[in-house]
Amino acid sequence: MNPGTTALRAGFARGLIELRQAFTGWDLVPQFLWPTATLVTVFFLRDDQFGDSGFDLGTLILPSTLGMFVATGMLLVIQYLTAEREDGTLLRAKATPHGIRAYYIGKLVTCSASILVYLAILLVPGLFIVDGLQFGDVESWLTLAWVLALGLVATQSIGAVLGSLISSPRAAGLMSLPVMALIAISGIFYPSTALPGWLRWTAEVFPVYWLGLGMRSALLPDAMADVEPGHSWRHLETFGVLGAWALAGVVLAPILLRRMARRESGSRLAEYREKALQRVG
Amino acid sequence: MTTEAIEVDGLRMRYGANDVLRDVTFQAHRGEVLALLGPNGAGKTTTIEILEGFRTRSAGRVTVLGADPADGDERWRARVGVVLQSWRDHSKWRVRELLAHQGAYYARHSTARRRRPWDTDELIAAVGLTEHAGKRLKTLSGGQRRRLDVAIGMVGRPEMLFLDEPTAGFDPQARHDFHDLIRDLAAAGDTTILLTTHDLPEAEKLAGRILILTEGRIVADGTAEELARQIVGEDEVRWTLHGQRHERTARDSTRFVFDLFKEHGDAVSHLEVRPSSLENTYLSLVHRAESGEKRTESGGKEAVA
C-alpha cells in the first residue's frame with residue numbers, strides 16, 4: 001500500500017464518520033432547517049406566475065435553489081476549516097503521518113456529501129410540489145452532473161482558500177453576509193432579467209448565478225430559457241465561469257492549505273484557546 | 001547514522017530582536033526519560049516544538065531519531081508521538097472510534113520489531129479508559145481527556161514521545177494517575193520520552209535526567225542527585241558563637257562543622273545544618289529569570305560545569 005492510499009482511505013473514513021455525526025441526533029435539526037425552509041418557500045410560490053411568461057415561479061425556483069445549496073458548500077468548508085484550526089483538529093492531523101492530506105480529503109468528502117444530502121432533501125419532495133420539471137431524459141442528468149461536479153470543485157476549493165485566510169470562526173460567520181447578498185442578486189428566487197444591468201453583471205462574475213442557471217438548464221424544459229438573459233441557457237459561459245473559479249481554487253487551495261498547516265503548533269493552539277476563553281469569560 | 005534519540009547542538013531561536021533560545025545543546029539517549037524543566041517563558045515549548053517539527057529554528061543543528069525534524073517525512077512522523085495540549089478537537093467522536101482511526105495511519109509503518117498500530121482495546125485499557133470507550137470526547141473529564149491524548153500520542157508505538165506540560169491544570173489525583181501511566185510506559189524501555197514541566201517534583205519523579213532551561217539556555221543537565229551536587233553543592237550552616245549568630249554555606253558541611261568544633265569546642269551552640277536542596281536552587285533560578293536579572297556570561301556557564 002503506498003502512502004497516497006493511506007491518506008485516501010483514512011480521508012474517506014474520516015469524511016464518512018463525520019458525515020454520520022453531522023446527520024445524527026440533535027445535529028439533524030439545523031441540517032434540515034434551511035432545506036425545509038426553502039421547500040416551504042417553493043410550496044407557497046408554486047402557483048405564482050412569473051410576469052406574463054406563463055411559467056410557474058415555483059418551477060423556476062426549485063432548480064435554482066439546488067444551485068444555491070451547492071454554492072453554500074463554500075461556507076461549510078470555511079466554517080469547518082476555521083473552527084477546526086482553532087480547536088486543534090488540524091494540529092492533531094499534523095502530528096499524524098499522512099494526517100494533513102487525509103484531513104483535507106475528509107473535509108471534501110463530508111462537505112460534498114452534505115451538499116448531496118441537501119439536494120436530495122430539496123429535490124425528492126420538490127418533484128411532488130412543482131409541475132413542469134424535466135428530469136426524465138439522460139441529457140438532464142448529464143447536465144446536472146457536470147454543473148454539480150464543476151460547482152462542487154469551484155465552491156469548495158474557493159472555500160478552502162478563504163478558510164485558510166480567515167482568522168477565526170467569528171470572522172467566518174460574517175462571510176455568510178456577502179454570500180447572502182450574492183444569492184439575492186443571482187436570480188435564484190426571481191429571474192435576474194428583472195435586475196438593473198450592473199447588478200446582473202456583478203452577479204455573473206460569481207459562481208452562484210451560474211450554478212442556478214446550470215441547474216435550471218438541466219431540469220427545466222428548453223422553452224423556459226426564454227426568461228433568461230439572452231434567452232439562452234448559455235452552457236458555454238456557465239462552463240467557462242465555473243471552470244475558471246474551479247481552476248483558480250484548485251491551484252490556490254493546496255498552496256494556502258499547506259501554508260495554513262505549516263503555521264500550526266501547540267503554542268498557536270494555546271493562543272487560540274486564550275482568545276476564545278477571553279471572549280467567553 | 002546516529003544512535004542518540006535526540007541531538008541538539010547550538011540551537012537558537014530568534015523572534016524579531018528577541019532571542020528565545022540562545023544556545024541550547026543536549027542529547028537524549030534511546031529509551032531515556034528526559035524532563036525539560038524551567039519557568040514559564042524559558043523557551044521549553046519553543047524547544048519541544050522545534051523537535052516535534054512544528055516550528056522552524058533560526059540556527060543550530062537538531063536531529064530527532066536521526067533526521068532533521070524540519071524536513072521529517074511521513075516515515076519519520078510515524079516514529080514520533082506527540083501528546084498535544086488538546087482542547088476540544090474531535091468532540092463528536094467516540095473514544096474507541098478516534099483511537100482506531102488514528103491507529104490506521106500507522107499500519108503501513110509497522111515493522112517486525114514494532115507492530116503498529118497498538119491494538120485499540122489494549123491501549124484503551126492501558127490508559128484506563130475501558131469503561132469510557134463508547135463515550136463521546138466532549139463528555140470526558142479533563143483527566144480522562146488527557147489520558148486519551150496520551151493514548152493518541154502512543155497509538156503508533158512511537159520510538160520518541162513528546163509531552164508538553166502534560167499535567168498542567170490537573171488535580172493531585174489526576175496528576176498521580178498520570179505519573180503512574182508515564183512510569184509504566186517508561187519501564188518498557190523502548191520509548192524515549194521528552195516532557196516539559198515547570199514543576200520540579202514532577203521532573204524528579206518521572207525523569208531519569210533533568211535539563212534546566214532558563215532564559216534560553218540549558219543551565220543544568222543531570223540526574224536529580226547530580227544536579228543537587230553539581231549546581232547546588234553548598235549546604236547552609238548556622239551557629240551561635242559567643243552570643244553572636246553566624247551563617248555560611250559550605251560544600252562539605254560535615255567537614256566544616258568538624259573543623260568548627262575543633263576550633264571553638266563547646267562554645268558553639270544552636271548549630272543548624274540545612275542540606276542543599278535542588279528545590280531551593282531551582283526556585284532561585286526561576287526567581288532570577290522572572291525578575292529579569294541579567295546574568296553575566298560566566299555566571300551562566302558556571303552552572304553548566
# chains A, B, ... in the order shown; residues from 1 in each chain; ligands from 1
$ select_by_dssp --residues "segment 240-280 of chain B" --states "strand (DSSP E or B)" --output "JSON, numbers by chain"
{"B": [240, 241, 244, 245, 246, 247, 248, 249, 250, 268, 269, 270, 271, 272, 273, 274]}
$ write_last_selection --atoms "C-alpha atoms" --output "PDB file, in the first residue's frame"
ATOM      1  CA  THR B 240      25.926  30.808  67.543  1.00  0.00           C
ATOM      2  CA  LEU B 241      29.337  31.673  68.970  1.00  0.00           C
ATOM      3  CA  GLN B 244      26.707  36.023  68.038  1.00  0.00           C
ATOM      4  CA  ARG B 245      24.731  34.376  65.224  1.00  0.00           C
ATOM      5  CA  HIS B 246      26.771  33.145  62.222  1.00  0.00           C
ATOM      6  CA  GLU B 247      25.709  31.779  58.892  1.00  0.00           C
ATOM      7  CA  ARG B 248      27.590  30.493  55.883  1.00  0.00           C
ATOM      8  CA  THR B 249      27.416  27.953  53.106  1.00  0.00           C
ATOM      9  CA  ALA B 250      29.753  25.017  52.765  1.00  0.00           C
ATOM     10  CA  VAL B 268      29.474  26.638  69.507  1.00  0.00           C
ATOM     11  CA  SER B 269      25.762  26.393  70.104  1.00  0.00           C
ATOM     12  CA  HIS B 270      22.440  26.369  68.215  1.00  0.00           C
ATOM     13  CA  LEU B 271      24.002  24.519  65.326  1.00  0.00           C
ATOM     14  CA  GLU B 272      21.801  24.057  62.252  1.00  0.00           C
ATOM     15  CA  VAL B 273      22.794  22.341  59.005  1.00  0.00           C
ATOM     16  CA  ARG B 274      20.433  22.596  56.062  1.00  0.00           C
TER      17      ARG B 274
END
$ interface_residues --of "chain A" --to "chain B" --cutoff "9 Å" --atoms "only C-alpha atoms" --output "number ranges by chain"
A: 1-3, 6-7, 10, 13-14, 17-18, 21-22, 84, 86-92, 94-99, 262-267, 269-270, 273
$ closest_residue --among "A:Ala37, A:Leu247, A:Leu19, A:Leu252" --to "Leu150 of chain A" --atoms "only C-alpha atoms"
A:Leu247
$ residues_around --residues "Gly51 of chain A" --least-positions-apart "6" --cutoff "12 Å" --atoms "only C-alpha atoms" --output "number ranges by chain"
A: 57, 190-191, 193-194, 227
$ select_by_dssp --residues "segment 173-226 of chain A" --states "helix (DSSP H, G or I)" --output "ChimeraX atom specification"
/A:173-174,176-184,192-194,197-205,207-219,222-226
$ atom_distance --atom1 "atom CA of Ala145 of chain A" --atom2 "atom CA of Asp56 of chain A"
24.6 Å
$ residues_around --residues "segment 174-179 of chain B" --least-positions-apart "3" --cutoff "9 Å" --atoms "only C-alpha atoms" --output "PyMOL selection string"
chain B and resi 127+142-144+146-147+166-168+170-171+182-184+202+205-206
$ write_last_selection --atoms "C-alpha atoms" --output "short mmCIF file (atom, residue, chain, number, x, y, z; two decimals), in the first residue's frame"
data_model
loop_
_atom_site.label_atom_id
_atom_site.label_comp_id
_atom_site.auth_asym_id
_atom_site.auth_seq_id
_atom_site.Cartn_x
_atom_site.Cartn_y
_atom_site.Cartn_z
CA VAL B 127 -4.66 4.30 29.81
CA GLY B 142 -10.22 16.79 31.94
CA GLY B 143 -8.14 13.91 33.31
CA GLN B 144 -9.81 11.34 31.05
CA ARG B 146 -5.59 13.93 28.83
CA ARG B 147 -5.22 10.17 29.16
CA PRO B 166 1.35 17.13 30.37
CA THR B 167 -0.16 17.79 33.80
CA ALA B 168 -0.98 21.49 33.53
CA PHE B 170 -4.51 18.62 36.88
CA ASP B 171 -5.80 17.98 40.37
CA ILE B 182 4.13 7.60 32.21
CA ARG B 183 6.26 5.45 34.51
CA ASP B 184 4.64 2.27 33.17
CA GLU B 202 7.24 16.15 38.69
CA LYS B 205 9.53 11.78 39.88
CA LEU B 206 9.36 10.94 36.20
#
$ atom_distance --atom1 "atom CA of Thr41 of chain A" --atom2 "atom CA of Gln156 of chain A"
26.3 Å
$ atom_distance --atom1 "atom CA of Leu161 of chain B" --atom2 "atom CA of Val64 of chain B"
10.7 Å
$ residues_around --residues "segment 72-79 of chain A" --least-positions-apart "5" --cutoff "6 Å" --atoms "only C-alpha atoms" --output "number ranges by chain"
A: 155-156, 159, 163
